[in-house]
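Novice: Below is the file work_38.txt, which contains compact mmCIF, C-alpha atoms.
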# COMPACT_ATOMS: atom_id res chain seq x y z
CA MET J 1 152.91 56.24 15.55
CA ALA J 2 156.05 57.25 13.77
CA GLN J 3 156.41 55.68 10.38
CA HIS J 4 159.55 55.14 8.38
CA THR J 5 159.46 56.02 4.74
CA ASP J 6 162.08 54.68 2.39
CA GLU J 7 162.91 57.35 -0.15
CA PRO J 8 162.65 55.75 -3.61
CA ALA J 9 164.84 56.95 -6.39
CA PRO J 10 163.04 59.54 -8.52
CA ASP J 11 161.72 58.45 -11.88
CA PRO J 12 164.68 58.57 -14.24
CA ALA J 13 164.23 60.74 -17.30
CA GLU J 14 164.17 59.32 -20.79
CA ASP J 15 167.63 59.42 -22.35
CA GLY J 16 168.03 61.90 -25.18
CA THR J 17 169.69 61.20 -28.49
CA SER J 18 173.15 62.61 -29.01
CA GLU J 19 175.76 62.48 -31.72
CA ASN J 20 177.54 59.14 -31.65
CA LEU J 21 181.22 59.49 -30.93
CA PRO J 22 183.69 56.62 -31.29
CA LEU J 23 185.09 54.96 -28.19
CA VAL J 24 188.89 55.07 -27.99
CA GLU J 25 190.35 52.48 -25.66
CA LEU J 26 193.72 52.49 -23.94
CA GLU J 27 195.82 50.17 -26.12
CA THR J 28 199.50 50.01 -26.98
CA ILE J 29 200.03 51.33 -30.48
CA LEU J 30 202.72 50.56 -33.01
CA ASN J 31 204.05 47.54 -31.15
CA ARG J 32 205.72 45.92 -34.16
CA PRO J 33 209.57 45.69 -34.18
CA PRO J 34 211.09 48.79 -35.80
CA SER J 35 213.34 48.56 -38.84
CA ARG J 36 217.17 48.72 -38.61
CA ARG J 37 217.15 52.26 -40.00
CA LYS J 38 214.58 53.38 -37.48
CA ARG J 39 216.50 51.75 -34.62
CA LEU J 40 219.61 53.81 -35.49
CA MET J 41 217.53 56.94 -35.55
CA GLN J 42 216.13 56.08 -32.14
CA ILE J 43 219.58 55.64 -30.63
CA SER J 44 220.68 59.00 -31.94
CA PHE J 45 217.57 60.62 -30.65
CA VAL J 46 217.98 59.12 -27.19
CA LEU J 47 221.55 60.42 -26.95
CA LEU J 48 220.49 63.96 -27.86
CA ALA J 49 217.07 64.31 -26.26
CA ALA J 50 216.31 65.19 -22.70
CA LEU J 51 214.86 62.59 -20.34
CA ILE J 52 211.44 64.12 -20.35
CA ALA J 53 211.27 64.00 -24.13
CA LEU J 54 212.22 60.33 -23.99
CA VAL J 55 209.37 59.61 -21.63
CA ILE J 56 206.87 61.52 -23.73
CA PHE J 57 207.79 59.83 -27.01
CA TRP J 58 208.61 56.38 -25.67
CA GLY J 59 205.45 54.82 -27.04
CA ASP J 60 206.42 55.80 -30.60
CA ILE J 61 210.12 54.86 -30.64
CA ALA J 62 210.49 51.87 -28.32
CA PRO J 63 211.43 48.49 -29.77
CA ALA J 64 209.12 45.51 -29.57
CA ARG J 65 207.83 44.70 -26.08
CA PRO J 66 210.08 42.15 -24.31
CA ALA J 67 208.70 38.91 -22.92
CA ALA J 68 208.79 40.28 -19.35
CA PRO J 69 206.55 43.38 -19.00
CA LEU J 70 208.22 46.64 -18.09
CA ALA J 71 207.17 48.49 -14.95
CA VAL J 72 205.24 51.54 -16.10
CA PRO J 73 204.71 54.34 -13.56
CA GLN J 74 201.10 55.23 -12.83
CA PRO J 75 199.95 58.43 -14.54
CA ALA J 76 199.85 61.50 -12.34
CA ASN J 77 196.33 62.24 -13.60
CA PRO J 78 194.47 58.95 -14.13
CA PRO J 79 191.77 59.13 -16.81
CA PRO J 80 188.05 59.28 -16.04
CA ALA J 81 186.50 55.84 -16.35
CA LEU J 82 183.15 54.22 -17.09
CA LEU J 83 182.13 51.01 -15.29
CA ILE J 84 179.71 48.62 -17.00
CA VAL J 85 178.07 46.07 -14.70
CA SER J 86 175.20 43.64 -14.93
CA ASN J 87 173.50 40.95 -12.88
CA ILE J 88 175.26 38.22 -14.86
CA ASN J 89 178.97 37.38 -14.91
CA TYR J 90 179.29 36.26 -18.52
CA GLY J 91 178.45 37.28 -22.07
CA ALA J 92 180.00 39.11 -25.02
CA VAL J 93 180.11 42.90 -24.64
CA THR J 94 180.45 45.28 -27.58
CA ILE J 95 181.13 48.99 -27.08
CA ASN J 96 180.69 51.33 -30.06
CA GLY J 97 181.09 48.40 -32.42
CA LYS J 98 184.23 46.97 -30.79
CA LYS J 99 184.00 43.62 -29.04
CA GLN J 100 185.53 43.69 -25.57
CA ALA J 101 187.91 41.11 -24.13
CA GLY J 102 186.64 39.37 -21.02
CA PRO J 103 183.23 39.18 -19.35
CA LEU J 104 181.41 41.72 -17.23
CA PRO J 105 182.08 43.87 -15.28
CA ILE J 106 184.18 46.05 -17.61
CA LEU J 107 186.03 49.30 -16.95
CA VAL J 108 186.88 51.59 -19.87
CA ALA J 109 188.57 54.96 -20.07
CA ILE J 110 186.17 57.69 -21.13
CA HIS J 111 186.88 59.21 -24.54
CA GLY J 112 183.74 60.76 -25.92
CA ASN J 113 180.17 61.36 -24.83
CA THR J 114 177.94 58.71 -26.39
CA TYR J 115 178.22 54.96 -25.95
CA ASP J 116 176.38 52.17 -27.73
CA ILE J 117 176.73 49.03 -25.63
CA SER J 118 175.37 45.58 -26.42
CA LEU J 119 175.38 42.42 -24.32
CA ASP J 120 174.89 38.96 -25.81
CA ALA J 121 174.55 36.25 -23.15
CA PRO J 122 172.46 33.24 -24.24
CA PRO J 123 169.86 32.06 -23.38
CA PHE J 124 168.94 35.73 -22.76
CA ARG J 125 168.00 37.76 -25.79
CA PRO J 126 170.65 40.35 -26.74
CA ILE J 127 170.21 43.73 -25.11
CA SER J 128 171.47 47.10 -26.33
CA CYS J 129 171.97 50.40 -24.53
CA HIS J 130 172.61 53.89 -25.89
CA VAL J 131 173.91 56.34 -23.29
CA ALA J 132 174.93 59.99 -23.57
CA LEU J 133 177.10 60.75 -20.55
CA SER J 134 176.27 64.46 -20.73
CA HIS J 135 172.69 63.58 -19.79
CA VAL J 136 173.57 61.40 -16.82
CA THR J 137 173.02 62.66 -13.28
CA ALA J 138 173.54 61.18 -9.84
CA ALA J 139 169.88 60.15 -9.82
CA GLY J 140 170.43 58.13 -12.95
CA VAL J 141 169.00 58.22 -16.44
CA GLN J 142 167.52 55.38 -18.42
CA SER J 143 168.53 54.37 -21.89
CA GLY J 144 165.52 53.25 -23.87
CA ASP J 145 164.07 51.09 -21.10
CA LYS J 146 164.74 50.29 -17.46
CA ARG J 147 167.15 47.51 -18.35
CA CYS J 148 169.85 50.10 -19.06
CA LEU J 149 170.43 52.56 -16.25
CA ALA J 150 173.33 55.03 -16.27
CA PHE J 151 174.24 57.13 -13.26
CA ALA J 152 177.09 59.29 -12.04
CA ALA J 153 179.49 57.70 -9.55
CA PRO J 154 179.09 59.44 -6.18
CA ASN J 155 182.71 59.77 -5.04
CA GLY J 156 184.93 59.43 -8.09
CA SER J 157 187.17 56.83 -6.46
CA MET J 158 190.08 55.05 -8.16
CA LEU J 159 189.23 51.69 -9.67
CA GLY J 160 191.31 49.08 -11.45
CA LEU J 161 189.72 46.36 -13.57
CA ASN J 162 190.58 44.36 -16.70
CA ASP J 163 193.99 46.08 -16.99
CA VAL J 164 192.39 49.54 -16.92
CA GLU J 165 192.80 52.04 -14.10
CA GLY J 166 190.95 55.29 -13.78
CA VAL J 167 188.80 57.59 -11.69
CA LEU J 168 185.27 56.22 -11.67
CA LYS J 169 182.91 58.85 -13.08
CA PHE J 170 179.93 56.93 -14.46
CA GLU J 171 178.34 53.51 -14.13
CA ILE J 172 175.99 51.68 -16.47
CA LEU J 173 173.85 48.86 -15.09
CA ILE J 174 172.48 46.35 -17.61
CA SER J 175 169.70 44.33 -15.96
CA LEU J 176 168.59 40.98 -17.33
CA THR J 177 165.13 39.85 -16.25
CA PRO J 178 162.92 36.83 -16.97
CA ASP J 179 161.24 38.53 -19.92
CA ASN J 180 164.61 38.42 -21.71
CA LEU J 181 164.28 34.60 -21.69
CA PRO J 182 162.31 32.30 -24.01
CA PRO J 183 158.72 31.83 -22.76
CA GLY J 184 159.27 28.22 -21.73
CA GLN J 185 162.18 29.16 -19.49
CA GLN J 186 160.18 31.99 -17.91
CA SER J 187 157.42 29.66 -16.74
CA GLN J 188 159.91 27.02 -15.54
CA LEU J 189 161.83 29.65 -13.57
CA THR J 190 158.73 31.08 -11.90
CA ALA J 191 157.48 27.64 -10.90
CA MET J 192 160.90 26.60 -9.55
CA LEU J 193 161.30 29.72 -7.40
CA THR J 194 157.73 29.59 -6.11
CA GLN J 195 158.26 26.05 -4.89
CA ALA J 196 161.71 26.73 -3.42
CA LEU J 197 160.74 29.95 -1.62
CA THR J 198 157.34 29.02 -0.20
CA THR J 199 156.94 27.47 3.22
CA ARG J 200 153.95 26.94 5.50
CA GLN J 201 153.90 25.97 9.16
CA ALA J 202 150.97 25.07 11.38
CA MET J 203 150.92 25.64 15.14
CA THR J 204 148.62 26.38 18.06
CA VAL J 205 148.06 29.76 19.69
CA PRO J 206 147.71 29.07 23.43
CA ALA J 207 144.92 30.71 25.36
CA GLY J 208 146.07 34.09 26.67
CA SER J 209 148.57 34.69 23.84
CA TYR J 210 148.37 37.70 21.57
CA PHE J 211 147.64 37.17 17.86
CA ALA J 212 147.39 39.63 14.98
CA THR J 213 143.99 40.81 13.76
CA GLY J 214 145.06 43.54 11.33
CA PHE J 215 148.03 45.39 9.88
CA ASP J 216 148.49 48.93 8.57
CA ALA J 217 152.24 49.54 8.51
CA PRO J 218 153.71 49.94 11.00
CA SER J 219 150.66 49.38 13.28
CA VAL J 220 149.47 45.89 14.18
CA THR J 221 146.11 45.38 15.84
CA SER J 222 145.85 42.35 18.08
CA GLN J 223 143.88 40.60 20.77
CA ARG J 224 144.45 37.83 23.29
CA ALA J 225 143.08 34.40 22.54
CA SER J 226 140.35 33.39 24.96
CA ALA J 227 140.79 29.76 23.86
CA PRO J 228 143.42 27.94 21.81
CA LEU J 229 143.45 28.82 18.10
CA ARG J 230 144.90 27.19 15.05
CA ALA J 231 147.58 29.24 13.34
CA SER J 232 149.05 28.91 9.85
CA ALA J 233 152.20 30.90 9.05
CA THR J 234 153.19 31.21 5.39
CA VAL J 235 156.19 32.75 3.66
CA ALA J 236 155.97 33.16 -0.11
CA PRO J 237 157.24 35.42 -2.92
CA VAL J 238 155.27 38.64 -3.46
CA VAL J 239 155.17 41.14 -6.29
CA PRO J 240 156.82 44.45 -5.27
CA GLN J 241 154.70 47.56 -4.99
CA ASN J 242 155.42 50.62 -7.16
CA GLN J 243 157.25 48.81 -9.93
CA ASP J 244 157.41 52.03 -11.94
CA ILE J 245 160.44 53.08 -9.88
CA GLY J 246 163.78 51.45 -9.20
CA LEU J 247 165.07 48.33 -10.91
CA PRO J 248 162.86 46.52 -13.44
CA CYS J 249 161.04 43.57 -11.86
CA VAL J 250 159.10 40.89 -13.70
CA GLY J 251 156.50 39.48 -11.34
CA PHE J 252 158.31 38.81 -8.07
CA ILE J 253 161.76 38.48 -9.71
CA CYS J 254 163.97 41.59 -9.65
CA PRO J 255 167.56 41.95 -10.89
CA GLY J 256 170.40 41.77 -8.41
CA ILE J 257 173.56 43.87 -8.68
CA MET J 258 177.06 42.43 -8.86
CA SER J 259 179.86 44.56 -7.49
CA PRO J 260 183.06 44.68 -9.56
CA GLN J 261 184.74 42.23 -7.17
CA LEU J 262 181.87 39.73 -6.81
CA PRO J 263 182.16 37.92 -10.17
CA LEU J 264 185.74 37.00 -9.32
CA SER J 265 184.46 34.68 -6.57
CA LEU J 266 181.77 33.03 -8.71
CA THR J 267 182.29 29.90 -10.75
CA GLY J 268 180.44 29.13 -13.95
CA HIS J 269 177.73 31.25 -15.53
CA GLN J 270 175.71 32.97 -12.80
CA TRP J 271 172.61 35.19 -12.87
CA GLY J 272 171.93 37.31 -9.78
CA ILE J 273 168.33 38.03 -8.79
CA VAL J 274 166.43 39.47 -5.84
CA VAL J 275 163.06 38.18 -4.64
CA LEU J 276 160.77 39.79 -2.08
CA LEU J 277 159.23 37.40 0.45
CA ALA J 278 156.37 38.28 2.77
CA SER J 279 154.85 36.44 5.71
CA ARG J 280 151.13 35.84 6.26
CA TRP J 281 149.31 34.67 9.36
CA ARG J 282 145.93 32.95 9.35
CA PHE J 283 144.09 32.19 12.59
CA SER J 284 141.01 29.99 12.96
CA THR J 285 139.03 28.18 15.62
CA PRO J 286 139.53 24.44 16.19
CA SER J 287 136.46 23.86 14.03
CA GLY J 288 138.01 25.81 11.14
CA ALA J 289 136.10 29.10 11.40
CA LEU J 290 138.35 31.99 10.26
CA VAL J 291 139.22 34.50 12.98
CA SER J 292 141.76 36.69 11.17
CA ASP J 293 143.98 36.65 8.09
CA VAL J 294 146.86 39.17 8.09
CA ALA J 295 149.45 39.66 5.31
CA PHE J 296 152.60 41.55 6.29
CA GLN J 297 153.32 43.27 3.02
CA GLY J 298 153.95 46.95 2.27
CA PHE J 299 151.04 48.80 0.74
CA THR J 300 152.60 51.95 -0.71
CA GLU J 301 156.34 51.24 -0.77
CA VAL J 302 158.67 48.44 -1.71
CA ARG J 303 160.26 46.52 1.17
CA ARG J 304 158.30 48.02 4.01
CA THR J 305 157.84 44.70 5.76
CA GLU J 306 159.04 42.20 3.19
CA ASN J 307 162.32 40.35 3.39
CA THR J 308 164.71 40.67 0.47
CA VAL J 309 166.43 37.43 -0.50
CA GLN J 310 169.39 37.28 -2.86
CA LEU J 311 169.95 34.29 -5.08
CA PHE J 312 172.24 33.20 -7.90
CA LEU J 313 170.81 31.02 -10.65
CA SER J 314 172.45 28.83 -13.25
CA LEU J 315 171.33 26.48 -16.00
CA GLY J 316 171.31 22.80 -15.12
CA ALA J 317 172.36 20.00 -17.41
CA ASN J 318 168.74 19.60 -18.58
CA GLY J 319 168.52 23.26 -19.59
CA ASN J 320 166.34 24.28 -16.62
CA TRP J 321 167.18 27.04 -14.18
CA VAL J 322 168.32 26.01 -10.71
CA ILE J 323 169.43 27.87 -7.59
CA SER J 324 173.22 27.74 -7.62
CA PRO J 325 174.64 25.77 -4.68
CA ASN J 326 178.10 27.38 -4.98
CA ALA J 327 177.02 31.03 -4.78
CA THR J 328 178.26 33.59 -2.26
CA VAL J 329 174.95 34.02 -0.38
CA ASN J 330 173.11 32.02 2.26
CA ASP J 331 171.13 29.07 1.01
CA ALA J 332 167.51 29.65 0.03
CA ALA J 333 166.05 27.73 2.98
CA SER J 334 167.91 29.91 5.50
CA GLN J 335 166.76 33.10 3.82
CA VAL J 336 163.16 31.88 3.78
CA LYS J 337 163.33 31.09 7.51
CA ASP J 338 164.72 34.55 8.22
CA THR J 339 161.59 36.13 6.72
CA PHE J 340 159.46 35.28 9.77
CA CYS J 341 161.71 37.33 12.04
CA ALA J 342 162.49 39.99 9.42
CA ALA J 343 158.84 41.14 9.40
CA GLY J 344 159.05 41.96 13.12
CA GLU J 345 162.40 43.72 12.67
CA ASN J 346 161.06 45.87 9.83
CA ILE J 347 157.92 46.83 11.75
CA LEU J 348 159.97 47.76 14.83
CA GLN J 349 162.31 49.85 12.69
CA GLN J 350 159.40 51.75 11.18
CA ALA J 351 157.87 52.31 14.59
CA ILE J 352 161.11 53.83 15.87
CA GLY J 353 161.49 56.00 12.80
CA SER J 354 164.43 56.78 10.57
CA THR J 355 167.72 56.98 12.44
CA ILE J 356 171.25 56.37 11.25
CA ASN J 357 172.47 54.58 14.37
CA LEU J 358 169.60 52.16 14.84
CA SER J 359 170.41 48.49 15.39
CA ILE J 360 167.93 45.62 15.75
CA ALA J 361 169.50 42.23 16.46
CA PRO J 362 167.66 38.94 17.06
CA THR J 363 168.85 37.34 20.28
CA ARG J 364 166.55 34.35 19.79
CA ASP J 365 165.21 33.30 16.42
CA GLN J 366 162.88 30.33 16.21
CA GLY J 367 161.38 31.12 12.84
CA ALA J 368 157.60 30.91 12.78
CA ARG J 369 157.48 30.33 16.55
CA GLY J 370 158.80 33.83 17.12
CA CYS J 371 161.93 35.79 17.85
CA GLU J 372 163.34 38.09 20.51
CA LEU J 373 164.78 41.41 19.32
CA GLN J 374 167.24 43.74 21.00
CA LEU J 375 166.97 47.42 20.08
CA LEU J 376 169.90 49.86 20.22
CA VAL J 377 169.71 53.51 19.20
CA ASP J 378 172.98 55.45 19.12
CA ASN J 379 174.52 52.41 20.87
CA ALA J 380 172.13 52.88 23.81
CA PHE J 381 169.95 49.95 24.90
CA GLN J 382 166.27 50.63 24.17
CA GLY J 383 164.73 47.36 25.30
CA MET J 384 163.91 43.80 24.32
CA PHE J 385 160.94 43.04 22.10
CA LEU J 386 159.08 39.86 21.18
CA TRP J 387 157.71 39.12 17.70
CA ARG J 388 155.25 36.23 17.92
CA PHE J 389 152.05 35.29 16.04
CA GLY J 390 152.33 38.50 14.04
CA VAL J 391 152.39 40.80 17.09
CA LEU J 392 155.21 42.98 18.41
CA LEU J 393 155.37 42.90 22.23
CA ALA J 394 157.42 44.76 24.84
CA VAL J 395 159.46 42.32 26.93
CA ASP J 396 160.95 44.61 29.60
CA GLN J 397 160.35 48.01 31.16
CA GLN J 398 162.82 49.73 28.84
CA ALA J 399 160.97 48.42 25.79
CA HIS J 400 157.66 49.61 27.28
CA THR J 401 159.18 53.06 27.86
CA THR J 402 160.48 53.17 24.28
CA ARG J 403 157.20 52.04 22.69
CA PRO J 404 154.44 52.45 25.30
CA GLU J 405 151.71 51.63 22.75
CA LEU J 406 152.89 48.02 22.41
CA PRO J 407 151.29 45.25 24.48
CA ILE J 408 153.42 43.86 27.30
CA ALA J 409 154.47 40.28 26.65
CA PRO J 410 152.87 37.81 29.07
CA PRO J 411 155.43 35.69 31.00
CA ALA J 412 154.13 32.58 29.29
CA GLU J 413 154.97 34.07 25.88
CA ILE J 414 158.52 34.84 26.91
CA ALA J 415 158.97 31.39 28.43
CA ALA J 416 157.56 29.67 25.32
CA LEU J 417 160.20 31.30 23.13
CA ALA J 418 163.01 30.60 25.61
CA GLY J 419 162.09 26.94 25.84
Would you give me this structure, written as C-alpha cells?

Specialist:
Amino acid sequence: MAQHTDEPAPDPAEDGTSENLPLVELETILNRPPSRRKRLMQISFVLLAALIALVIFWGDIAPARPAAPLAVPQPANPPPALLIVSNINYGAVTINGKKQAGPLPILVAIHGNTYDISLDAPPFRPISCHVALSHVTAAGVQSGDKRCLAFAAPNGSMLGLNDVEGVLKFEILISLTPDNLPPGQQSQLTAMLTQALTTRQAMTVPAGSYFATGFDAPSVTSQRASAPLRASATVAPVVPQNQDIGLPCVGFICPGIMSPQLPLSLTGHQWGIVVLLASRWRFSTPSGALVSDVAFQGFTEVRRTENTVQLFLSLGANGNWVISPNATVNDAASQVKDTFCAAGENILQQAIGSTINLSIAPTRDQGARGCELQLLVDNAFQGMFLWRFGVLLAVDQQAHTTRPELPIAPPAEIAALAG
C-alpha cells in the first residue's frame, strides 16, 4: 500500500561564531531645532542647490519635525530586513545591546552580519540568541540550542512592521517551552493540559461491524465482530516521535508560531503552543476479556496519524496557566473531538499517497461514533469512505475502485452513522 512520508526539515547545523557587528537601526538623526545662524545657511543653500541635492541632504538641514508628520516617499530600493518572531506576544527584546520599543514580532533593517538578541518575558527565564546571517540557509541554522532558529526567507517579500519597511531576507524564531518556566509551573501546566485534552467514550460494537485489531501506518487490520463487543475510545496528548528534528518539544508540548499579523488580534499576554493528540481503541468482550488494543500514533514520523491542536495559554489571577478563552483558535473541546475523525483522514491520505490536489472532507462527523469522508483528487470525486471503530471502509463503488484493499462498509454501518 502506498505510504505518505512527510519530509522533515534536515538537522540544522550548529551556528558558528562570527565577529560581532553593531546593529544600526533606522532612526531620525539630528532632530533638534537648528540655530538661527544655521537656519540662514539652510535658506541660502536651498536657493542655490538643485532639487536632488535638497532631497539627499534634507535629513541634515531640515528644521525640527512639525507636529503633523510629513509624507515621505517610499525608497526606490527598500532595505533588507530581519524579522524576529516568537510564540509569545509580549516581553522586552534587546538587539545588540539596544532595547527595542514594542513587543514581538519585530522587524529591523539589516546592517551587519551578527546579531545578539535577548528576550525577557516573565515568568519565562530570559533567553539569548547569537546569529550570524552569513551562516543562515533556507533550511535554517540553530543558535546555541533549538530555541533560537534562524532561516532565510523564501521569497523576499515586502513587509511593514513597527514603523519599519523592508524586503524580508531572514527570520529568527525564538521558541519558549515549558522548561523555560519554574518547576512548579511546569508540573501545573502539564497536569492542566492532560486533563483538558483527554477524553474517553464507551460504546458497543454491534455484531457484524468491523473493528480494528492492529495498525501499521497506513494499514489497519480488522475483523467483523461475531457478537457485540465493548469499545473504549480515548483521545489524549502524546509525545511526538523524532524530537531531534523540527521545533523543540518538551513532553507533549511544542511551541506554536505566531505570524506577524496574529499578535495584533490577541489581547493580554499570550503563549502559543501545539499539542499532538492521538486516538486509541480498546475492544473487549462483555465479560471484560481484552480482544484488541490499537493506538493510532505514528511510529517513525511526527504527525502521521495524530491530530495537531493549537492553543493559546495565559496566566490566571492565581498564577496558574489556563487555556485562553479569547484566543483566535477553536476551543479545546472542539479540537479534541476532531481528533477521532482526523485519524481516519490522515490514514486515508497516506493510503492515497502524496498529491498536491488531494482533498478529504468530512460530510458527517459524529466524533467517536465515526465519520464519513469524501475524497477528491485533482477535483475529481474518488469515493466516500467510512471511519468507524478504528477501521477505514469503502462506502460506494468509486471508493472500492480507488482503494480495493479496504473492506466494504456493511449497510448497517452506513445507516448507524446516518442515524

Novice: Quick one: pull the distance between CA of Ser359 in chain J and CA of Phe381 in chain J, Å, one decimal.

Specialist: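 Computing it gives 9.6 Å between the two atoms.
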
Novice: Which of these residues is nearest to Cys371 in chain J, using only C-alpha atoms: J:Leu417, J:Gln397, J:Thr204, J:Ser334?

Specialist: J:Leu417

Novice: Quick one: pull the distance between CA of Ala150 in chain J and CA of Gln100 in chain J, Å, one decimal.

Specialist: 19.1 Å

Novice: Counting all atoms listed in the file, find residues at most 6 Å from (144.6, 35.5, 9.2) (file frame) and give them as a compact mmCIF listing (two decimals) with C-alpha atoms, in the coordinates of the input.

Specialist:
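File written: point11.txt
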# COMPACT_ATOMS: atom_id res chain seq x y z
CA TRP J 281 149.31 34.67 9.36
CA ARG J 282 145.93 32.95 9.35
CA PHE J 283 144.09 32.19 12.59
CA SER J 292 141.76 36.69 11.17
CA ASP J 293 143.98 36.65 8.09
CA VAL J 294 146.86 39.17 8.09

Novice: With only C-alpha atoms as the basis for distance, which of J:Asn162, J:Gln382, J:Leu83, J:Leu393 is at the shortest distance from Glu405 in chain J?

Specialist: J:Leu393

Novice: Mind checking which residues fall within 12 Å of Ile356 in chain J, counting all atoms listed in the file, ignoring those fewer than 4 positions away in the same chain, and posting them as a ChimeraX atom specification?

Specialist: /J:349,352,376-379

Novice: Expressed in Å to a single decimal, how great is the separation between CA of Asn346 in chain J and CA of Ala361 in chain J?

Specialist: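 According to the coordinates, CA of Asn346 in chain J and CA of Ala361 in chain J are separated by 11.3 Å.
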
Novice: Looking at all atoms listed in the file, which of J:Asn89, J:Ser279, J:Thr213, J:Asn96 is the one that sits closest to Thr234 in chain J?

Specialist: J:Ser279

Novice: Set the distance at 7 Å and use all atoms listed in the file: which residues neighbour range 172-179 of chain J once local chain neighbours fewer than 5 positions away are removed? I'd like the list as a ChimeraX atom specification.

Specialist: /J:83-87,147-151,186,250,254-255

Novice: From the options J:Thr221, J:Gln188, J:Gln297, J:Thr363, which residue's atoms come nearest to Pro407 in chain J, counting all atoms listed in the file?

Specialist: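 For Pro407 in chain J, the nearest of the candidates is J:Thr221.
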
Novice: Kindly indicate which residue among J:Leu229, J:Leu313, J:Ala289, J:Ala415 lies nearest to Ile88 in chain J, using only C-alpha atoms for the distances.

Specialist: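 Looking only at the distances to Ile88 in chain J, the closest residue turns out to be J:Leu313.
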
Novice: Could you pull the residues within 9 Å of Ala153 in chain J, counting all atoms listed in the file, minus those fewer than 4 positions along the same chain, as a ChimeraX atom specification?

Specialist: /J:137-138,157,168-171

Novice: If we count only C-alpha atoms, what is near Gly344 in chain J at a cut-off of 9 Å, once residues fewer than 2 positions away on the same chain are taken out, given as a count of residues only?

Specialist: 16

Novice: Excluding Asp116 in chain J and its own-chain neighbours fewer than 2 positions away, which residues fall within 9 Å of it when counting only C-alpha atoms? Please give them as a list in words.

Specialist: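 Here the answer would be Asn20, Thr94, Ile95, Asn96, Gly97, Thr114, Ser118, Ser128, Cys129, His130, Val131 and Ala132 of chain J.
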
Novice: Between J:Gly112, J:Pro206, J:Pro78, J:Pro122, single out the one closest to His269 in chain J, counting only C-alpha atoms.

Specialist: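 The answer is J:Pro122, which sits nearest to His269 in chain J.
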
Novice: Can range 357-362 of chain J be brought up to all heavy atoms and written out as a PDB file, in the coordinates of the input?

Specialist:
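Now in out-v3.pdb:
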ATOM      1  N   ASN J 357     171.816  55.508  13.444  1.00  0.00           N
ATOM      2  CA  ASN J 357     172.470  54.580  14.370  1.00  0.00           C
ATOM      3  C   ASN J 357     171.473  53.678  15.059  1.00  0.00           C
ATOM      4  O   ASN J 357     171.499  53.509  16.268  1.00  0.00           O
ATOM      5  CB  ASN J 357     173.292  55.374  15.403  1.00  0.00           C
ATOM      6  CG  ASN J 357     174.441  56.128  14.769  1.00  0.00           C
ATOM      7  OD1 ASN J 357     175.097  55.617  13.879  1.00  0.00           O
ATOM      8  ND2 ASN J 357     174.671  57.342  15.215  1.00  0.00           N
ATOM      9  N   LEU J 358     170.571  53.103  14.291  1.00  0.00           N
ATOM     10  CA  LEU J 358     169.600  52.160  14.840  1.00  0.00           C
ATOM     11  C   LEU J 358     170.067  50.748  14.547  1.00  0.00           C
ATOM     12  O   LEU J 358     170.499  50.436  13.443  1.00  0.00           O
ATOM     13  CB  LEU J 358     168.222  52.414  14.226  1.00  0.00           C
ATOM     14  CG  LEU J 358     167.066  51.523  14.697  1.00  0.00           C
ATOM     15  CD1 LEU J 358     165.768  52.320  14.702  1.00  0.00           C
ATOM     16  CD2 LEU J 358     166.899  50.301  13.798  1.00  0.00           C
ATOM     17  N   SER J 359     169.990  49.882  15.552  1.00  0.00           N
ATOM     18  CA  SER J 359     170.410  48.490  15.390  1.00  0.00           C
ATOM     19  C   SER J 359     169.361  47.584  16.028  1.00  0.00           C
ATOM     20  O   SER J 359     168.989  47.779  17.194  1.00  0.00           O
ATOM     21  CB  SER J 359     171.773  48.260  16.051  1.00  0.00           C
ATOM     22  OG  SER J 359     172.095  46.878  16.070  1.00  0.00           O
ATOM     23  N   ILE J 360     168.883  46.621  15.244  1.00  0.00           N
ATOM     24  CA  ILE J 360     167.930  45.620  15.750  1.00  0.00           C
ATOM     25  C   ILE J 360     168.559  44.253  15.500  1.00  0.00           C
ATOM     26  O   ILE J 360     168.818  43.873  14.355  1.00  0.00           O
ATOM     27  CB  ILE J 360     166.576  45.719  15.046  1.00  0.00           C
ATOM     28  CG1 ILE J 360     165.968  47.103  15.255  1.00  0.00           C
ATOM     29  CG2 ILE J 360     165.627  44.638  15.561  1.00  0.00           C
ATOM     30  CD1 ILE J 360     164.702  47.336  14.469  1.00  0.00           C
ATOM     31  N   ALA J 361     168.818  43.525  16.581  1.00  0.00           N
ATOM     32  CA  ALA J 361     169.500  42.230  16.460  1.00  0.00           C
ATOM     33  C   ALA J 361     168.670  41.145  17.137  1.00  0.00           C
ATOM     34  O   ALA J 361     168.286  41.285  18.310  1.00  0.00           O
ATOM     35  CB  ALA J 361     170.882  42.302  17.102  1.00  0.00           C
ATOM     36  N   PRO J 362     168.358  40.053  16.420  1.00  0.00           N
ATOM     37  CA  PRO J 362     167.660  38.940  17.060  1.00  0.00           C
ATOM     38  C   PRO J 362     168.574  38.237  18.063  1.00  0.00           C
ATOM     39  O   PRO J 362     169.694  37.851  17.730  1.00  0.00           O
ATOM     40  CB  PRO J 362     167.312  38.016  15.891  1.00  0.00           C
ATOM     41  CG  PRO J 362     167.518  38.823  14.653  1.00  0.00           C
ATOM     42  CD  PRO J 362     168.563  39.825  14.982  1.00  0.00           C
TER      43      PRO J 362
END
